[in-house]
Amino acid sequence: MRFWCVGALLAASLASPTHADALKEFEALREEVWQSVLDSDPLLATSLGDPRGDGRLGDLSLEAYERQVAETRGFLARLNEIDPAQLPADSRQRIDYAVIKRDFEDKLAAAQHDHTRFVLFTTYAGWFTAFASLSGRSPFFTKADYESYVARLSQFPEVNRNGIARSREGVSRGLSQACEPFEGFDGKIAAQIVDDPEQSVFWRPFDRDRPSIISEADWQEIQEDARAIIRNDVMGGYRDLLAFYTDEYAPNCRDGLPGVSETPGGAEYYAQRVQSFTTTDVKPDEVHQRGLSEVARIRAEMEEIAEAAGYPSREAYIEHLRTDPAYYMSDVDAYVAYVAALAKTIDGFLPQLFTRLPRNPYTVKPIPAAIAPGTTTAYYQPGSLSAGQSGIYRINTTKLDQRPLWELPALSLHEAVPGHHLQISIQQELDMHPLTANTAYFTAFVEGWALYAERLGIEMGLYDTPAKQMGRLAYEMWRASRLVVDTGIHSKGWTKQEAVDFMLDNTALSAANIDAEVNRYISWPGQALAYKTGELKIRELRAWAEEQMGDEFDLRVFHDTVLVNGSLPLDVLEDYVKAAYARPNGE
């Protein structure tokens with residue numbers, strides 16, 4: 001039996017005039033939406049080589065948000081007038097229709113809740129933390145690139161004023177964040193403030209020899225402009241932010257139970273967030289029960305590993321893994337080199353698991369020191385071939401005494417390859433319309449794939465010691481615990497300590513990591529549910545495909561099938577995979 005060809009699913013069928021009209025209307029609307037995205041997202045435009053975004057930052061004002069909501073409502077009304085059944089069968093257009101419709105409906109559902117308008121930062125991200133990474137997301141090939149970067153620096157005060165204004169309104173409406181997760185948050189803001197512009201993260205593009213394409217006089221002029229703008233506009237903006245946070249926001253943070261359900265309309269908002277992040281119709285209590293079931297299953301597997309390692313219990317082995325100095329490093333450079341070497345080892349397995357690999361490479365770098373304290377263990381920073389930026393696997397090099405080596409295989413598989421870097425870079429390079437190629441981001445798919453990628457380490461033979469096996473299970477337990485803890489906090493009235501205790505009891509994560517994670521769940525409701533939800537769906541589809549194909553199952557083909565359309569809602573993914581495998585003789 002021969003399996004279907006991915007290209008066959010993308011071939012357009014002969015269309016009747018009705019079909020042709022629908023196709024023309026949809027493609028025109030899709031392009032109009034894309035142009036609107038480029039107009040409103042200057043950084044994205046620049047990353048794709050579109051000059052309309054140069055020198056600009058996005059508009060963070062409430063008025064701009066409301067305009068976008070109104071525009072989305074109009075786009076959705078027009079989309080609903082097009083019958084997707086009239087689009088060519090098995091075509092990219094039909095998939096794009098489903099993706100765009102889900103995105104529009106989700107944005108409008110979120111817009112019904114004031115949290116979306118007035119809660120603009122978490123312990124993990126905000127307009128000011130995103131701005132701090134501007135130099136890493138900007139191209140620096142030409143004089144115009146440097147001038148564009150400096151112009152963007154000068155616009156930070158306006159963006160910051162709008163962020164503060166909306167956050168101030170959030171405080172007045174009782175929508176401020178809970179107090180506990182933000183203890184010491186003022187220090188993160190203060191860490192960005194320096195007297196000498198050349199000591200700022202914003203000076204990094206100029207901390208190099210003069211590019212040969214820029215004259216000495218022009219280089220000096222650009223540097224002088226940058227110094228003045230960093231000293232006055234950027235540092236002034238961060239000082240205003242620090243004053244707002246310490247004088248207005250922190251004194252009005254929410255005491256008591258930390259869940260978002262304690263805020264006005266919070267229970268309804270959380271229910272919407274659950275459905276948004278999982279791309280399903282699941283209810284919070286269903287997620288909670290699924291989490292308890294997964295925790296019980298993984299816990300039993302951990303008991304087996306502990307027994308095989310010669311320990312009387314799971315708890316005893318975890319205590320050994322948490323405290324034995326042999327599992328930790330103290331030198332930052334050595335730690336980074338160790339992670340980089342592991343990542344390169346993983347690279348060697350990829351052709352066994354995929355036929356399509358991304359062109360854009362990735363590198364391993366520490367998380368910037370200004371934001372590393374309190375940030376999670378690692379994250380992935382997407383690159384762009386157009387902008388000359390590789391992907392970056394960012395690792396946290398603070399508190400190395402609580403970052404064990406046995407967790408690194410699973411962590412690297414998740415954040416770099418075959419997890420985030422591989423999936424996101426392939427999506428950037430697919431022959432897709434740029435709208436869905438560059439903006440489709442469904443957390444359940446993206447994070448579900450990355451969690452599934454951790455499991456591929458079994459096939460690679462990376463988990464070759466009991467400690468590494470426990471590390472994989474610990475990471476899976478971590479994501480399963482999220483289903484319990486996130487819903488516990490936001491729909492069942494849990495305290496932060498109850499959430500911390502549950503994770504201390506069930507995971508092998510260090511106390512520092514657990515504290516940072518729980519803070520993240522409190523301040524970012526629902527997001528953490530996506531990982532396990534998406535992973536379980538991909539594993540379910542793989543098991544189904546294996547049953548369908550029997551001895552002819554090809555894992556590389558399955559992986560290509562999952563990734564060939566980029567990020568998808570889970571129901572769209574399931575429909576696509578099952579339709580692909582159902583084709584007789586691959587026709």
# chains A, B, ... in the order shown; residues from 1 in each chain; ligands from 1
>>> residues_around(residues="Thr263 of chain A", least_positions_apart="6", cutoff="12 Å", atoms="only C-alpha atoms", output="PyMOL selection string")
chain A and resi 113-115+119+170-178+253-257+269-270+490-491
>>> residues_around(residues="segment 391-396 of chain A", least_positions_apart="2", cutoff="6 Å", atoms="only C-alpha atoms", output="VMD selection string")
chain A and resid 362 to 367 377 to 383 398 416
>>> write_last_selection(atoms="all heavy atoms", output="CSV table (one decimal), in the first residue's frame")
chain,number,residue,atom,x,y,z
A,362,TYR,N,19.6,27.6,14.5
A,362,TYR,CA,19.4,28.2,15.8
A,362,TYR,C,20.7,28.2,16.6
A,362,TYR,O,21.6,27.5,16.2
A,362,TYR,CB,18.3,27.5,16.5
A,362,TYR,CG,18.7,26.1,17.0
A,362,TYR,CD1,19.1,25.9,18.3
A,362,TYR,CD2,18.6,25.0,16.1
A,362,TYR,CE1,19.5,24.6,18.7
A,362,TYR,CE2,18.9,23.7,16.6
A,362,TYR,CZ,19.4,23.5,17.9
A,362,TYR,OH,19.7,22.3,18.3
A,363,THR,N,20.7,29.0,17.6
A,363,THR,CA,21.9,29.0,18.5
A,363,THR,C,21.4,29.0,19.9
A,363,THR,O,20.2,29.1,20.2
A,363,THR,CB,22.7,30.3,18.2
A,363,THR,OG1,23.9,30.3,19.0
A,363,THR,CG2,21.9,31.6,18.6
A,364,VAL,N,22.3,28.8,20.8
A,364,VAL,CA,22.0,28.7,22.3
A,364,VAL,C,22.6,29.9,23.0
A,364,VAL,O,23.8,30.2,22.8
A,364,VAL,CB,22.6,27.4,22.9
A,364,VAL,CG1,22.3,27.3,24.4
A,364,VAL,CG2,22.0,26.2,22.2
A,365,LYS,N,21.8,30.7,23.7
A,365,LYS,CA,22.3,31.8,24.4
A,365,LYS,C,21.6,31.9,25.7
A,365,LYS,O,20.5,31.5,25.9
A,365,LYS,CB,22.0,33.1,23.6
A,365,LYS,CG,22.9,33.3,22.3
A,365,LYS,CD,22.6,34.6,21.7
A,365,LYS,CE,23.4,34.8,20.4
A,365,LYS,NZ,23.2,36.1,19.8
A,366,PRO,N,22.2,32.6,26.7
A,366,PRO,CA,21.5,32.8,28.0
A,366,PRO,C,20.4,33.8,27.9
A,366,PRO,O,20.4,34.7,27.0
A,366,PRO,CB,22.6,33.4,28.9
A,366,PRO,CG,23.9,33.1,28.2
A,366,PRO,CD,23.6,33.0,26.7
A,367,ILE,N,19.4,33.7,28.7
A,367,ILE,CA,18.4,34.7,28.8
A,367,ILE,C,19.0,36.0,29.4
A,367,ILE,O,19.9,35.9,30.3
A,367,ILE,CB,17.3,34.2,29.8
A,367,ILE,CG1,16.5,33.0,29.3
A,367,ILE,CG2,16.3,35.4,30.1
A,367,ILE,CD1,15.6,32.4,30.2
A,377,THR,N,12.8,28.4,33.1
A,377,THR,CA,14.1,27.8,32.8
A,377,THR,C,14.7,28.1,31.5
A,377,THR,O,15.9,28.3,31.3
A,377,THR,CB,14.0,26.2,33.0
A,377,THR,OG1,13.4,26.0,34.3
A,377,THR,CG2,15.3,25.6,32.9
A,378,ALA,N,13.8,28.2,30.5
A,378,ALA,CA,14.3,28.5,29.1
A,378,ALA,C,13.1,28.9,28.2
A,378,ALA,O,11.9,28.7,28.6
A,378,ALA,CB,14.9,27.2,28.5
A,379,TYR,N,13.4,29.5,27.1
A,379,TYR,CA,12.3,29.7,26.1
A,379,TYR,C,13.0,29.8,24.7
A,379,TYR,O,14.2,29.9,24.6
A,379,TYR,CB,11.5,31.0,26.4
A,379,TYR,CG,12.3,32.3,26.5
A,379,TYR,CD1,12.6,33.0,25.3
A,379,TYR,CD2,12.7,32.8,27.7
A,379,TYR,CE1,13.3,34.2,25.4
A,379,TYR,CE2,13.4,34.0,27.8
A,379,TYR,CZ,13.7,34.7,26.6
A,379,TYR,OH,14.4,35.9,26.7
A,380,TYR,N,12.1,29.8,23.7
A,380,TYR,CA,12.6,29.9,22.3
A,380,TYR,C,12.3,31.3,21.8
A,380,TYR,O,11.2,31.8,21.9
A,380,TYR,CB,12.0,28.8,21.4
A,380,TYR,CG,12.3,29.0,20.0
A,380,TYR,CD1,13.6,28.8,19.5
A,380,TYR,CD2,11.3,29.3,19.1
A,380,TYR,CE1,13.9,29.0,18.2
A,380,TYR,CE2,11.6,29.5,17.7
A,380,TYR,CZ,13.0,29.3,17.3
A,380,TYR,OH,13.3,29.5,16.0
A,381,GLN,N,13.2,31.9,21.1
A,381,GLN,CA,13.1,33.2,20.4
A,381,GLN,C,13.1,33.0,18.9
A,381,GLN,O,14.2,32.7,18.4
A,381,GLN,CB,14.1,34.2,20.9
A,381,GLN,CG,14.0,35.6,20.4
A,381,GLN,CD,15.1,36.5,20.9
A,381,GLN,OE1,15.4,36.4,22.1
A,381,GLN,NE2,15.7,37.3,20.1
A,382,PRO,N,12.0,33.1,18.2
A,382,PRO,CA,12.0,32.8,16.8
A,382,PRO,C,13.0,33.7,16.0
A,382,PRO,O,13.2,34.9,16.4
A,382,PRO,CB,10.6,33.1,16.4
A,382,PRO,CG,9.8,32.9,17.6
A,382,PRO,CD,10.7,33.4,18.7
A,383,GLY,N,13.5,33.1,14.9
A,383,GLY,CA,14.4,33.9,14.1
A,383,GLY,C,13.7,34.3,12.8
A,383,GLY,O,12.5,34.1,12.6
A,398,THR,N,20.8,31.8,35.7
A,398,THR,CA,20.8,32.2,37.1
A,398,THR,C,20.5,31.0,38.0
A,398,THR,O,19.9,30.0,37.5
A,398,THR,CB,19.7,33.3,37.4
A,398,THR,OG1,18.4,32.8,37.1
A,398,THR,CG2,20.0,34.5,36.5
A,416,ALA,N,14.2,23.8,21.3
A,416,ALA,CA,14.9,23.9,20.1
A,416,ALA,C,14.4,22.9,19.0
A,416,ALA,O,13.5,23.2,18.3
A,416,ALA,CB,16.4,23.7,20.4
>>> residues_around(residues="Ala453 of chain A", least_positions_apart="2", cutoff="6 Å", atoms="only C-alpha atoms", output="ChimeraX atom specification")
/A:413-414,418-419,450-451,455-456
>>> residues_around(residues="Thr561 of chain A", least_positions_apart="3", cutoff="10 Å", atoms="only C-alpha atoms", output="PyMOL selection string")
chain A and resi 5-6+555-558+564-566+573+576-577+580-581
>>> atom_distance(atom1="atom CA of Ser47 of chain A", atom2="atom CA of Gln389 of chain A")
8.9 Å
>>> atom_distance(atom1="atom CA of Lys24 of chain A", atom2="atom CA of Glu81 of chain A")
12.9 Å
>>> residues_around(residues="Leu57 of chain A", least_positions_apart="6", cutoff="8 Å", atoms="only C-alpha atoms", output="list in words")
Asp41, Pro42, Leu43, Arg152, Gln155, Phe156 and Val159 of chain A
>>> closest_residue(among="A:Ala228, A:Val194, A:Ile522, A:Ala508", to="Leu321 of chain A", atoms="only C-alpha atoms")
A:Ala508
>>> select_by_dssp(residues="segment 264-370 of chain A", states="helix (DSSP H, G or I)", output="PyMOL selection string")
chain A and resi 266-278+284-308+314-323+325-327+332-347+350-352
>>> residues_around(residues="Arg210 of chain A", least_positions_apart="6", cutoff="10 Å", atoms="only C-alpha atoms", output="list in words")
Glu216, Asp218, Trp219 and Gln220 of chain A
>>> residues_around(residues="Gly55 of chain A", least_positions_apart="4", cutoff="10 Å", atoms="only C-alpha atoms", output="list in words")
Pro42, Leu43, Thr46, Pro51, Ala144, Asp145, Tyr146, Glu147, Ser148, Tyr149, Val150, Ala151, Arg152, Leu153, Ser154 and Gln155 of chain A
>>> closest_residue(among="A:Glu63, A:Glu183, A:Glu535, A:Asp431", to="Glu447 of chain A", atoms="only C-alpha atoms")
A:Glu535
>>> closest_residue(among="A:Pro358, A:Val336, A:Gly534, A:Leu38", to="Glu429 of chain A", atoms="only C-alpha atoms")
A:Pro358
>>> select_by_dssp(residues="segment 317-408 of chain A", states="strand (DSSP E or B)", output="ChimeraX atom specification")
/A:362-366,378-381,384,389,391-395
>>> write_last_selection(atoms="C-alpha atoms", output="short mmCIF file (atom, residue, chain, number, x, y, z; two decimals), in the first residue's frame")
data_model
loop_
_atom_site.label_atom_id
_atom_site.label_comp_id
_atom_site.auth_asym_id
_atom_site.auth_seq_id
_atom_site.Cartn_x
_atom_site.Cartn_y
_atom_site.Cartn_z
CA TYR A 362 19.40 28.21 15.76
CA THR A 363 21.88 29.05 18.46
CA VAL A 364 22.03 28.70 22.25
CA LYS A 365 22.30 31.83 24.38
CA PRO A 366 21.55 32.83 28.00
CA ALA A 378 14.26 28.47 29.10
CA TYR A 379 12.33 29.75 26.10
CA TYR A 380 12.62 29.92 22.32
CA GLN A 381 13.05 33.19 20.44
CA SER A 384 13.85 35.24 10.56
CA GLN A 389 18.23 36.41 12.65
CA GLY A 391 16.38 31.18 16.12
CA ILE A 392 17.61 31.40 19.70
CA TYR A 393 17.23 28.74 22.37
CA ARG A 394 17.42 30.92 25.48
CA ILE A 395 18.50 29.24 28.74
#
>>> closest_residue(among="A:Glu221, A:Glu66, A:Glu248, A:Glu319", to="Asp186 of chain A", atoms="only C-alpha atoms")
A:Glu248
>>> closest_residue(among="A:Ala480, A:Ala28, A:Leu563, A:Ala516", to="Leu292 of chain A", atoms="only C-alpha atoms")
A:Ala480
>>> decode(residues="segment 126-162 of chain A", atoms="N, CA, C and O atoms", output="tab-separated table (two decimals), in the first residue's frame")
chain	number	residue	atom	x	y	z
A	126	GLY	N	5.27	41.53	28.81
A	126	GLY	CA	4.55	42.79	28.80
A	126	GLY	C	5.14	43.67	27.73
A	126	GLY	O	6.14	43.32	27.09
A	127	TRP	N	4.55	44.84	27.50
A	127	TRP	CA	5.06	45.71	26.44
A	127	TRP	C	6.50	46.13	26.70
A	127	TRP	O	7.30	46.28	25.77
A	128	PHE	N	6.87	46.29	27.97
A	128	PHE	CA	8.20	46.77	28.31
A	128	PHE	C	9.25	45.66	28.25
A	128	PHE	O	10.41	45.92	27.93
A	129	THR	N	8.85	44.42	28.53
A	129	THR	CA	9.80	43.32	28.39
A	129	THR	C	10.01	43.00	26.91
A	129	THR	O	11.12	42.68	26.48
A	130	ALA	N	8.95	43.08	26.11
A	130	ALA	CA	9.09	42.87	24.67
A	130	ALA	C	10.01	43.93	24.06
A	130	ALA	O	10.85	43.63	23.21
A	131	PHE	N	9.86	45.16	24.52
A	131	PHE	CA	10.69	46.24	23.99
A	131	PHE	C	12.17	46.02	24.33
A	131	PHE	O	13.05	46.35	23.53
A	132	ALA	N	12.43	45.43	25.48
A	132	ALA	CA	13.82	45.19	25.89
A	132	ALA	C	14.54	44.22	24.96
A	132	ALA	O	15.78	44.18	24.93
A	133	SER	N	13.79	43.42	24.20
A	133	SER	CA	14.40	42.48	23.27
A	133	SER	C	14.45	43.02	21.84
A	133	SER	O	14.72	42.28	20.90
A	134	LEU	N	14.20	44.32	21.68
A	134	LEU	CA	14.10	44.91	20.34
A	134	LEU	C	15.36	44.69	19.50
A	134	LEU	O	15.28	44.38	18.31
A	135	SER	N	16.53	44.82	20.12
A	135	SER	CA	17.76	44.69	19.33
A	135	SER	C	17.92	43.29	18.77
A	135	SER	O	18.49	43.09	17.70
A	136	GLY	N	17.41	42.29	19.49
A	136	GLY	CA	17.50	40.91	19.02
A	136	GLY	C	16.49	40.57	17.96
A	136	GLY	O	16.56	39.49	17.36
A	137	ARG	N	15.53	41.46	17.72
A	137	ARG	CA	14.49	41.20	16.72
A	137	ARG	C	14.58	42.15	15.54
A	137	ARG	O	13.65	42.25	14.75
A	138	SER	N	15.71	42.86	15.43
A	138	SER	CA	15.85	43.86	14.39
A	138	SER	C	17.00	43.51	13.46
A	138	SER	O	18.04	43.02	13.90
A	139	PRO	N	16.84	43.76	12.15
A	139	PRO	CA	17.95	43.53	11.22
A	139	PRO	C	18.96	44.66	11.29
A	139	PRO	O	18.59	45.82	11.56
A	140	PHE	N	20.21	44.36	11.06
A	140	PHE	CA	21.26	45.38	11.05
A	140	PHE	C	22.22	45.11	9.89
A	140	PHE	O	23.36	44.71	10.07
A	141	PHE	N	21.70	45.35	8.67
A	141	PHE	CA	22.50	45.15	7.47
A	141	PHE	C	22.96	46.48	6.87
A	141	PHE	O	24.04	46.58	6.31
A	142	THR	N	22.10	47.49	6.97
A	142	THR	CA	22.34	48.75	6.27
A	142	THR	C	22.25	49.94	7.23
A	142	THR	O	21.81	49.81	8.38
A	143	LYS	N	22.65	51.09	6.72
A	143	LYS	CA	22.50	52.32	7.49
A	143	LYS	C	21.03	52.54	7.84
A	143	LYS	O	20.69	52.95	8.97
A	144	ALA	N	20.14	52.26	6.89
A	144	ALA	CA	18.71	52.44	7.13
A	144	ALA	C	18.21	51.55	8.26
A	144	ALA	O	17.30	51.95	9.02
A	145	ASP	N	18.78	50.35	8.40
A	145	ASP	CA	18.38	49.46	9.49
A	145	ASP	C	18.70	50.09	10.85
A	145	ASP	O	17.88	50.03	11.78
A	146	TYR	N	19.89	50.67	10.97
A	146	TYR	CA	20.27	51.31	12.23
A	146	TYR	C	19.40	52.53	12.51
A	146	TYR	O	18.98	52.77	13.65
A	147	GLU	N	19.12	53.29	11.46
A	147	GLU	CA	18.27	54.48	11.64
A	147	GLU	C	16.86	54.06	12.03
A	147	GLU	O	16.21	54.73	12.87
A	148	SER	N	16.36	52.98	11.47
A	148	SER	CA	15.04	52.47	11.84
A	148	SER	C	15.02	52.06	13.31
A	148	SER	O	14.05	52.36	14.03
A	149	TYR	N	16.06	51.40	13.75
A	149	TYR	CA	16.14	50.96	15.15
A	149	TYR	C	16.13	52.17	16.09
A	149	TYR	O	15.39	52.20	17.09
A	150	VAL	N	16.92	53.18	15.77
A	150	VAL	CA	16.97	54.37	16.62
A	150	VAL	C	15.62	55.08	16.64
A	150	VAL	O	15.16	55.56	17.70
A	151	ALA	N	14.97	55.14	15.49
A	151	ALA	CA	13.64	55.77	15.45
A	151	ALA	C	12.66	55.02	16.33
A	151	ALA	O	11.81	55.64	17.00
A	152	ARG	N	12.75	53.70	16.35
A	152	ARG	CA	11.86	52.92	17.21
A	152	ARG	C	12.15	53.19	18.68
A	152	ARG	O	11.23	53.25	19.51
A	153	LEU	N	13.41	53.33	19.03
A	153	LEU	CA	13.74	53.65	20.41
A	153	LEU	C	13.05	54.94	20.84
A	153	LEU	O	12.55	55.05	21.97
A	154	SER	N	12.99	55.91	19.95
A	154	SER	CA	12.41	57.21	20.30
A	154	SER	C	10.91	57.13	20.52
A	154	SER	O	10.32	58.04	21.12
A	155	GLN	N	10.27	56.05	20.06
A	155	GLN	CA	8.81	55.92	20.18
A	155	GLN	C	8.38	55.19	21.46
A	155	GLN	O	7.19	55.07	21.72
A	156	PHE	N	9.36	54.71	22.22
A	156	PHE	CA	8.99	53.97	23.43
A	156	PHE	C	8.15	54.80	24.40
A	156	PHE	O	7.20	54.27	25.00
A	157	PRO	N	8.46	56.09	24.62
A	157	PRO	CA	7.62	56.84	25.58
A	157	PRO	C	6.14	56.80	25.26
A	157	PRO	O	5.30	56.67	26.16
A	158	GLU	N	5.77	56.90	23.97
A	158	GLU	CA	4.35	56.87	23.60
A	158	GLU	C	3.74	55.50	23.87
A	158	GLU	O	2.64	55.40	24.43
A	159	VAL	N	4.43	54.45	23.46
A	159	VAL	CA	3.95	53.10	23.72
A	159	VAL	C	3.80	52.89	25.22
A	159	VAL	O	2.80	52.34	25.71
A	160	ASN	N	4.78	53.34	25.97
A	160	ASN	CA	4.77	53.17	27.43
A	160	ASN	C	3.62	53.94	28.07
A	160	ASN	O	2.95	53.43	28.98
A	161	ARG	N	3.38	55.15	27.60
A	161	ARG	CA	2.25	55.93	28.14
A	161	ARG	C	0.93	55.20	27.92
A	161	ARG	O	0.07	55.17	28.80
A	162	ASN	N	0.75	54.65	26.75
A	162	ASN	CA	-0.48	53.92	26.47
A	162	ASN	C	-0.60	52.67	27.32
A	162	ASN	O	-1.69	52.33	27.80
